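Trainee: Next comes protein_8.csv, CSV, C-alpha atoms:
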chain,number,residue,atom,x,y,z
A,353,MET,CA,135.4,124.1,87.8
A,354,LYS,CA,132.9,125.4,90.4
A,355,GLN,CA,130.2,126.0,87.8
A,356,ALA,CA,130.7,122.5,86.3
A,357,LEU,CA,130.5,120.9,89.7
A,358,ILE,CA,127.3,122.8,90.5
A,359,ILE,CA,125.7,121.7,87.2
A,360,SER,CA,126.8,118.1,87.8
A,361,LEU,CA,125.2,118.2,91.2
A,362,LYS,CA,122.0,119.7,89.8
A,363,VAL,CA,121.9,116.9,87.2
A,364,LEU,CA,122.3,114.4,90.0
A,365,ALA,CA,119.5,116.1,92.0
A,366,VAL,CA,117.1,115.7,89.1
A,367,ASP,CA,118.1,112.2,88.1
A,368,VAL,CA,118.3,110.5,91.6
A,369,PRO,CA,114.4,110.7,92.1
A,370,LEU,CA,113.9,109.4,88.6
A,371,LEU,CA,116.4,106.6,89.1
A,372,LEU,CA,114.6,105.6,92.2
A,373,LEU,CA,111.1,105.8,90.7
A,374,LEU,CA,111.8,104.3,87.3
A,375,GLY,CA,114.5,101.8,88.4
A,376,THR,CA,112.5,100.4,91.3
A,377,ALA,CA,109.3,100.1,89.3
A,378,ILE,CA,110.9,98.5,86.2
A,379,GLY,CA,113.1,96.3,88.4
A,380,TRP,CA,110.1,95.0,90.3
A,381,ILE,CA,108.1,94.3,87.2
A,382,LEU,CA,111.0,92.3,85.6
A,383,ALA,CA,111.6,90.4,88.9
A,384,LYS,CA,108.1,89.7,90.0
A,385,LYS,CA,105.8,89.7,87.0
A,386,LYS,CA,105.7,87.0,84.3
A,387,PHE,CA,104.6,88.2,80.9
A,388,ARG,CA,105.2,87.5,77.3
A,389,GLY,CA,108.3,89.2,76.0
A,390,ARG,CA,109.9,89.8,79.5
A,391,GLU,CA,113.3,88.6,78.3
A,392,ILE,CA,113.1,91.0,75.3
A,393,VAL,CA,112.3,93.9,77.6
A,394,SER,CA,115.2,92.8,79.8
A,395,LEU,CA,117.5,93.0,76.9
A,396,LEU,CA,116.1,96.4,75.8
A,397,VAL,CA,116.6,97.8,79.3
A,398,LEU,CA,120.3,96.8,79.1
A,399,LEU,CA,120.8,98.2,75.6
A,400,PRO,CA,122.2,101.6,76.8
A,401,VAL,CA,125.0,99.7,78.5
A,402,ALA,CA,126.0,98.0,75.3
A,403,LEU,CA,125.6,100.8,72.8
A,404,PRO,CA,128.4,103.5,72.3
A,405,PRO,CA,127.4,106.9,73.7
A,406,SER,CA,127.6,108.4,70.2
A,407,VAL,CA,124.9,106.0,69.0
A,408,ILE,CA,122.7,106.7,72.0
A,409,GLY,CA,123.2,110.5,71.5
A,410,LEU,CA,122.5,110.3,67.7
A,411,TYR,CA,119.2,108.4,68.2
A,412,LEU,CA,118.1,110.7,71.0
A,413,LEU,CA,118.8,113.7,68.7
A,414,LEU,CA,116.7,112.1,66.0
A,415,PHE,CA,113.9,111.2,68.4
A,416,ILE,CA,113.7,114.6,70.0
A,417,GLY,CA,114.1,116.4,66.7
A,418,HIS,CA,111.2,114.4,65.3
A,419,PHE,CA,108.6,116.0,67.6
A,420,PRO,CA,107.9,119.7,67.2
A,421,LEU,CA,106.8,119.9,70.8
A,422,PHE,CA,110.3,119.0,72.1
A,423,ARG,CA,111.9,121.4,69.6
A,424,ASP,CA,109.5,124.2,70.7
A,425,LEU,CA,110.4,123.6,74.3
A,426,GLY,CA,114.1,123.9,73.5
A,427,LEU,CA,114.9,120.6,75.0
A,428,LEU,CA,118.1,120.1,73.0
A,429,PHE,CA,121.3,121.7,74.2
A,430,SER,CA,119.8,122.7,77.5
A,431,PHE,CA,120.0,121.7,81.1
A,432,PRO,CA,117.1,119.3,80.8
A,433,ALA,CA,118.9,117.6,77.9
A,434,ALA,CA,122.0,117.2,80.2
A,435,ALA,CA,119.8,115.6,82.9
A,436,LEU,CA,118.2,113.2,80.3
A,437,ALA,CA,121.6,112.4,78.8
A,438,ALA,CA,123.0,111.3,82.2
A,439,LEU,CA,119.8,109.4,83.1
A,440,ILE,CA,119.8,107.1,80.0
A,441,PRO,CA,123.0,105.2,80.6
A,442,SER,CA,122.7,105.1,84.4
A,443,LEU,CA,119.1,103.8,84.6
A,444,PRO,CA,120.0,100.2,83.5
A,445,ILE,CA,122.4,100.0,86.5
A,446,MET,CA,119.6,101.0,88.9
A,447,ILE,CA,117.1,98.6,87.2
A,448,GLN,CA,119.5,95.6,87.5
A,449,GLY,CA,120.2,96.4,91.2
A,450,ALA,CA,116.5,96.6,91.9
A,451,ARG,CA,115.7,93.5,89.9
A,452,SER,CA,118.4,91.4,91.6
A,453,GLY,CA,117.2,92.6,95.0
A,454,PHE,CA,113.5,91.9,94.4
A,455,ALA,CA,114.3,88.5,92.8
A,456,SER,CA,116.1,87.4,95.9
A,457,VAL,CA,113.0,87.9,98.1
A,458,PRO,CA,111.4,84.5,98.7
A,459,VAL,CA,107.9,84.4,97.2
A,460,GLU,CA,106.8,82.3,100.2
A,461,LEU,CA,107.3,85.3,102.6
A,462,GLU,CA,105.2,87.5,100.3
A,463,ASP,CA,102.5,84.9,100.0
A,464,ALA,CA,102.5,84.4,103.8
A,465,ALA,CA,101.9,88.1,104.3
A,466,ARG,CA,99.1,88.0,101.8
A,467,THR,CA,97.4,85.1,103.6
A,468,LEU,CA,97.6,87.2,106.8
A,469,GLY,CA,95.5,89.9,105.1
A,470,ASP,CA,98.2,92.3,103.9
A,471,GLY,CA,97.4,94.1,100.7
A,472,GLU,CA,99.9,94.3,97.8
A,473,TRP,CA,101.2,97.7,98.8
A,474,ARG,CA,101.7,96.6,102.4
A,475,VAL,CA,103.5,93.4,101.2
A,476,PHE,CA,105.7,95.4,98.9
A,477,ARG,CA,106.6,97.9,101.6
A,478,ARG,CA,107.0,95.6,104.6
A,479,ILE,CA,108.5,92.5,102.9
A,480,THR,CA,109.8,93.0,99.3
A,481,LEU,CA,111.2,96.5,99.7
A,482,ALA,CA,112.6,95.9,103.2
A,483,LEU,CA,114.5,92.8,102.2
A,484,SER,CA,115.8,94.4,99.0
A,485,ARG,CA,117.1,97.6,100.7
A,486,ARG,CA,120.8,96.8,100.2
A,487,PRO,CA,120.7,96.0,96.5
A,488,LEU,CA,118.6,99.1,95.9
A,489,ILE,CA,121.1,101.3,97.7
A,490,ALA,CA,124.0,99.6,95.9
A,491,GLY,CA,122.2,100.1,92.6
A,492,LEU,CA,121.4,103.7,93.3
A,493,THR,CA,125.0,104.4,94.5
A,494,LEU,CA,126.6,103.0,91.3
A,495,ALA,CA,123.9,104.6,89.1
A,496,SER,CA,124.6,108.0,90.7
A,497,ALA,CA,128.3,107.7,90.1
A,498,ARG,CA,127.6,106.8,86.5
A,499,THR,CA,125.3,109.9,86.2
A,500,LEU,CA,128.1,112.2,87.4
A,501,GLY,CA,130.5,110.6,84.9
A,502,ASP,CA,128.5,110.7,81.7
A,503,PHE,CA,130.3,112.4,78.9
A,504,GLY,CA,129.4,111.1,75.4
A,505,VAL,CA,125.6,111.3,75.5
A,506,THR,CA,125.7,114.7,77.3
A,507,LEU,CA,128.0,116.1,74.6
A,508,MET,CA,125.8,114.8,71.8
A,509,ILE,CA,122.4,116.2,73.0
A,510,ALA,CA,123.3,118.9,75.5
A,511,GLY,CA,126.5,120.3,74.2
A,512,ASN,CA,129.4,121.7,76.2
A,513,ILE,CA,128.1,125.1,77.2
A,514,PRO,CA,129.8,126.6,80.3
A,515,GLY,CA,127.4,127.6,82.9
A,516,SER,CA,124.5,125.7,81.3
A,517,THR,CA,125.3,122.1,80.3
A,518,GLN,CA,129.1,121.8,81.0
A,519,THR,CA,129.3,119.1,83.7
A,520,LEU,CA,132.6,117.9,85.2
A,521,PRO,CA,133.5,115.4,82.5
A,522,LEU,CA,132.9,118.0,79.9
A,523,TYR,CA,135.0,120.5,81.9
A,524,ILE,CA,137.8,118.0,81.9
A,525,PHE,CA,137.5,117.7,78.1
A,526,SER,CA,137.6,121.5,77.7
A,527,ARG,CA,140.6,121.9,80.0
A,528,MET,CA,142.4,119.2,78.0
A,529,GLU,CA,141.7,120.9,74.8
A,530,SER,CA,143.2,124.1,76.3
A,531,LEU,CA,146.2,122.1,77.5
A,532,ASP,CA,145.3,123.1,81.1
A,533,PHE,CA,146.3,119.8,82.5
A,534,ALA,CA,146.4,121.0,86.2
A,535,LYS,CA,142.7,122.0,86.3
A,536,ALA,CA,141.7,118.9,84.3
A,537,ASN,CA,143.6,116.7,86.8
A,538,ILE,CA,141.8,118.3,89.8
A,539,ALA,CA,138.4,117.6,88.3
A,540,ALA,CA,139.5,114.1,87.2
A,541,LEU,CA,140.7,113.3,90.7
A,542,LEU,CA,137.3,114.5,92.1
A,543,LEU,CA,135.3,112.2,89.8
A,544,ALA,CA,137.8,109.3,90.4
A,545,GLY,CA,137.4,109.7,94.2
A,546,ILE,CA,133.6,109.7,93.9
A,547,GLY,CA,133.8,106.5,91.8
A,548,ILE,CA,136.2,104.8,94.3
A,549,ILE,CA,134.0,105.8,97.3
A,550,SER,CA,130.9,104.4,95.5
A,551,LEU,CA,132.6,101.1,94.8
A,552,ALA,CA,133.9,100.9,98.4
A,553,LEU,CA,130.3,101.5,99.8
A,554,VAL,CA,128.9,98.8,97.6
A,555,LYS,CA,131.6,96.4,98.6
A,556,SER,CA,131.1,97.2,102.2
A,557,MET,CA,127.4,96.5,102.0
A,558,GLU,CA,128.1,93.1,100.3
A,559,SER,CA,130.6,92.2,103.0
A,560,ASN,CA,128.2,93.0,105.8
A,561,LYS,CA,125.5,90.9,104.1
A,562,HIS,CA,127.8,87.9,103.8
A,563,GLU,CA,128.9,88.3,107.4
A,564,ARG,CA,125.3,88.2,108.7
A,565,LEU,CA,124.5,85.2,106.5
A,566,ALA,CA,127.5,83.4,107.9
Please, can you express the file's structure as structure tokens?
Mentor:
Amino acid sequence: MKQALIISLKVLAVDVPLLLLLGTAIGWILAKKKFRGREIVSLLVLLPVALPPSVIGLYLLLFIGHFPLFRDLGLLFSFPAAALAALIPSLPIMIQGARSGFASVPVELEDAARTLGDGEWRVFRRITLALSRRPLIAGLTLASARTLGDFGVTLMIAGNIPGSTQTLPLYIFSRMESLDFAKANIAALLLAGIGIISLALVKSMESNKHERLA
């Protein structure tokens, strides 16, 4: 289980910066920018949440296999594939958290800062980002938990290779196939604990926000 835990943590270490960067950027665009087709983009962003993991995995296999460069790099059934597999279904969670946070920031405050001479980056950093901190943290927390828990997409494009792509959910699967329920239960309890703690943190942040507003 130690190897699977280390691989899961490595996947998380790769995906968290990507979740922050991509999730914050896309969430801000969807919340603050008006453009033709925004609702379609919003639906596409949520698509990984609605699609079965096997469908996501299949189309990722077809997409990656279509480009010789990806094949030559050996992307499939490798650690980078495991990181990509965990990122795809967790990114919508981060995007929604960022979008809801940015949308809740009053436009009047941002405009007031602009009239005082602040540039767009300064407005974003001092006003928009500061007031959206809690939703961003909540989104990142839940997205990280989802990253650690991915099974289907990882199995489809990264495989279940011990010491290389076998994350904790895949370790549980392997232990169950071997009828080693004791080890499977330990790993399952660990993931369940992470999920419960993540939800508790998000709930705590929501409660603190409501208390301050009251």
Trainee: Would you mind telling me which residue in A:Ser430, A:Ser550, A:Ser394, A:Thr517 lies nearest to A:Thr493 when using only C-alpha atoms?
Mentor: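 Under the stated criterion, the closest residue is A:Ser550.
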Trainee: Considering all atoms listed in the file, state which residue in the set A:Ala434, A:Lys384, A:Ser484, A:Val475 is at the smallest distance from A:Phe503.
Mentor: A:Ala434
Trainee: Using all atoms listed in the file, pick whichever of A:Ile392, A:Ile358, A:Ile489, A:Leu410 has the shortest atom-to-atom distance to A:Ser556.
Mentor: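 Nearest to A:Ser556: A:Ile489.
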Trainee: Give the padded box for stretch 539-555 of chain A as JSON: axis-aligned, covering all atoms listed in the file, 6 Å on each side, centre and edge lengths in Å to one decimal.
Mentor:
{"center_x": 134.8, "center_y": 107.0, "center_z": 93.5, "size_x": 23.8, "size_y": 33.2, "size_z": 24.6}
Trainee: What are the nearest atom pairs, with distances in Å to one decimal, for all residues of stretch 473-554 of chain A that come at most 12 Å from stretch 396-403 of chain A, using all atoms listed in the file, set out by chain and rising residue number as CSV?
Mentor:
residue,atom,partner,partner_atom,distance
A:Ala495,CA,A:Val401,CA,11.7
A:Arg498,CA,A:Val401,CA,11.0
A:Asp502,CA,A:Val401,CA,12.0
A:Gly504,CA,A:Leu403,CA,11.3
A:Val505,CA,A:Pro400,CA,10.4
Trainee: Between atom CA of A:Glu462 and atom CA of A:Leu373, what is the distance, to one decimal in Å?
Mentor: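 Value for the atom CA of A:Glu462-atom CA of A:Leu373 distance: 21.5 Å.
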Trainee: Give me the residues near A:Leu551 as a list of chain:residue names, where near means some atom within 9 Å (using only C-alpha atoms) and where sequence neighbours in that chain fewer than 4 positions away do not count.
Mentor: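 Near A:Leu551, the qualifying residues are A:Ala490, A:Thr493, A:Leu494, A:Ile546, A:Gly547, A:Lys555, A:Ser556.
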Trainee: Considering all atoms listed in the file, can you say which of A:Ala482, A:Val366, A:Leu531, A:Ala433 comes closest to A:Val457?
Mentor: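 Going through A:Ala482, A:Val366, A:Leu531, A:Ala433 one by one, the smallest distance to A:Val457 is for A:Ala482.
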Trainee: Pick the closest to A:Phe431 from A:Ile513, A:Ile549, A:Leu370, A:Leu522: which is it, counting only C-alpha atoms?
Mentor: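 Of all the options, A:Ile513 lies closest to A:Phe431.
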Trainee: As an exercise, work out the distance from atom CA of A:Asp367 to atom CA of A:Leu427 in Å and give it to one decimal place.
Mentor: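 A separation of 15.9 Å between them.
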Trainee: Give the answer as one residue: which of A:Leu436, A:Leu488, A:Leu553, A:Ala534 has the shortest atom-to-atom distance to A:Ile509, using only C-alpha atoms?
Mentor: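 Between A:Leu436, A:Leu488, A:Leu553, A:Ala534, the residue approaching A:Ile509 most closely is A:Leu436.
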Trainee: What separation in Å, quoted to one decimal, exists between atom CA of A:Ile479 and atom CA of A:Arg466?
Mentor: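 One can read the atom CA of A:Ile479 to atom CA of A:Arg466 distance as 10.5 Å.
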Trainee: Counting only C-alpha atoms, which residues sit no farther than 7 Å from the position (128.7, 116.5, 87.2) in the file's frame? I'd like them as JSON, numbers by chain.
Mentor: {"A": [356, 357, 359, 360, 361, 363, 500, 501, 519, 520, 521]}
Trainee: Since the input is missing atoms, can you rebuild N, CA and C atoms for stretch 385-419 of chain A and write them as a compact mmCIF listing (two decimals), in the coordinates of the input?
Mentor:
# COMPACT_ATOMS: atom_id res chain seq x y z
N LYS A 385 106.95 89.92 87.90
CA LYS A 385 105.80 89.70 87.00
C LYS A 385 106.27 88.83 85.81
N LYS A 386 105.44 87.87 85.49
CA LYS A 386 105.70 87.00 84.30
C LYS A 386 104.76 87.47 83.20
N PHE A 387 105.35 87.81 82.06
CA PHE A 387 104.60 88.20 80.90
C PHE A 387 105.32 87.92 79.64
N ARG A 388 104.59 87.83 78.59
CA ARG A 388 105.20 87.50 77.30
C ARG A 388 106.13 88.64 76.86
N GLY A 389 107.34 88.26 76.48
CA GLY A 389 108.30 89.20 76.00
C GLY A 389 109.16 89.82 77.14
N ARG A 390 109.10 89.21 78.34
CA ARG A 390 109.90 89.80 79.50
C ARG A 390 111.36 89.77 79.17
N GLU A 391 111.87 88.70 78.55
CA GLU A 391 113.30 88.60 78.30
C GLU A 391 113.70 89.67 77.23
N ILE A 392 112.81 89.94 76.29
CA ILE A 392 113.10 91.00 75.30
C ILE A 392 113.18 92.35 75.97
N VAL A 393 112.24 92.59 76.88
CA VAL A 393 112.30 93.90 77.60
C VAL A 393 113.54 93.96 78.45
N SER A 394 113.96 92.84 79.05
CA SER A 394 115.20 92.80 79.80
C SER A 394 116.40 93.22 78.99
N LEU A 395 116.44 92.71 77.77
CA LEU A 395 117.50 93.00 76.90
C LEU A 395 117.48 94.51 76.44
N LEU A 396 116.28 95.01 76.17
CA LEU A 396 116.10 96.40 75.80
C LEU A 396 116.57 97.35 76.90
N VAL A 397 116.26 96.94 78.13
CA VAL A 397 116.60 97.80 79.30
C VAL A 397 118.16 97.88 79.39
N LEU A 398 118.87 96.81 79.02
CA LEU A 398 120.30 96.80 79.10
C LEU A 398 121.01 97.43 77.88
N LEU A 399 120.23 97.75 76.87
CA LEU A 399 120.80 98.20 75.60
C LEU A 399 121.69 99.47 75.78
N PRO A 400 121.31 100.46 76.61
CA PRO A 400 122.20 101.60 76.80
C PRO A 400 123.58 101.28 77.30
N VAL A 401 123.70 100.15 78.00
CA VAL A 401 125.00 99.70 78.50
C VAL A 401 125.90 99.23 77.38
N ALA A 402 125.27 98.58 76.40
CA ALA A 402 126.00 98.00 75.30
C ALA A 402 126.31 98.92 74.16
N LEU A 403 125.48 99.93 73.98
CA LEU A 403 125.60 100.80 72.80
C LEU A 403 126.68 101.92 73.13
N PRO A 404 127.44 102.32 72.12
CA PRO A 404 128.40 103.50 72.30
C PRO A 404 127.58 104.73 72.58
N PRO A 405 128.13 105.62 73.40
CA PRO A 405 127.40 106.90 73.70
C PRO A 405 127.05 107.69 72.47
N SER A 406 127.90 107.64 71.45
CA SER A 406 127.60 108.40 70.20
C SER A 406 126.34 107.88 69.55
N VAL A 407 126.12 106.56 69.62
CA VAL A 407 124.90 106.00 69.00
C VAL A 407 123.69 106.38 69.82
N ILE A 408 123.78 106.32 71.14
CA ILE A 408 122.70 106.70 72.00
C ILE A 408 122.34 108.21 71.73
N GLY A 409 123.39 109.03 71.69
CA GLY A 409 123.20 110.50 71.50
C GLY A 409 122.57 110.75 70.11
N LEU A 410 123.02 110.04 69.08
CA LEU A 410 122.50 110.30 67.70
C LEU A 410 120.99 109.96 67.69
N TYR A 411 120.58 108.81 68.25
CA TYR A 411 119.20 108.40 68.20
C TYR A 411 118.30 109.30 69.09
N LEU A 412 118.87 109.78 70.18
CA LEU A 412 118.10 110.70 71.00
C LEU A 412 117.92 112.05 70.25
N LEU A 413 118.96 112.49 69.53
CA LEU A 413 118.80 113.70 68.70
C LEU A 413 117.73 113.53 67.66
N LEU A 414 117.73 112.38 66.99
CA LEU A 414 116.70 112.10 66.00
C LEU A 414 115.33 112.03 66.56
N PHE A 415 115.24 111.37 67.72
CA PHE A 415 113.90 111.20 68.40
C PHE A 415 113.37 112.53 68.82
N ILE A 416 114.18 113.30 69.53
CA ILE A 416 113.70 114.60 70.00
C ILE A 416 113.40 115.55 68.89
N GLY A 417 114.27 115.54 67.87
CA GLY A 417 114.10 116.40 66.70
C GLY A 417 112.85 116.08 65.90
N HIS A 418 112.36 114.85 66.04
CA HIS A 418 111.20 114.40 65.30
C HIS A 418 109.90 115.03 65.74
N PHE A 419 109.88 115.45 67.02
CA PHE A 419 108.60 116.00 67.60
C PHE A 419 108.72 117.48 67.77
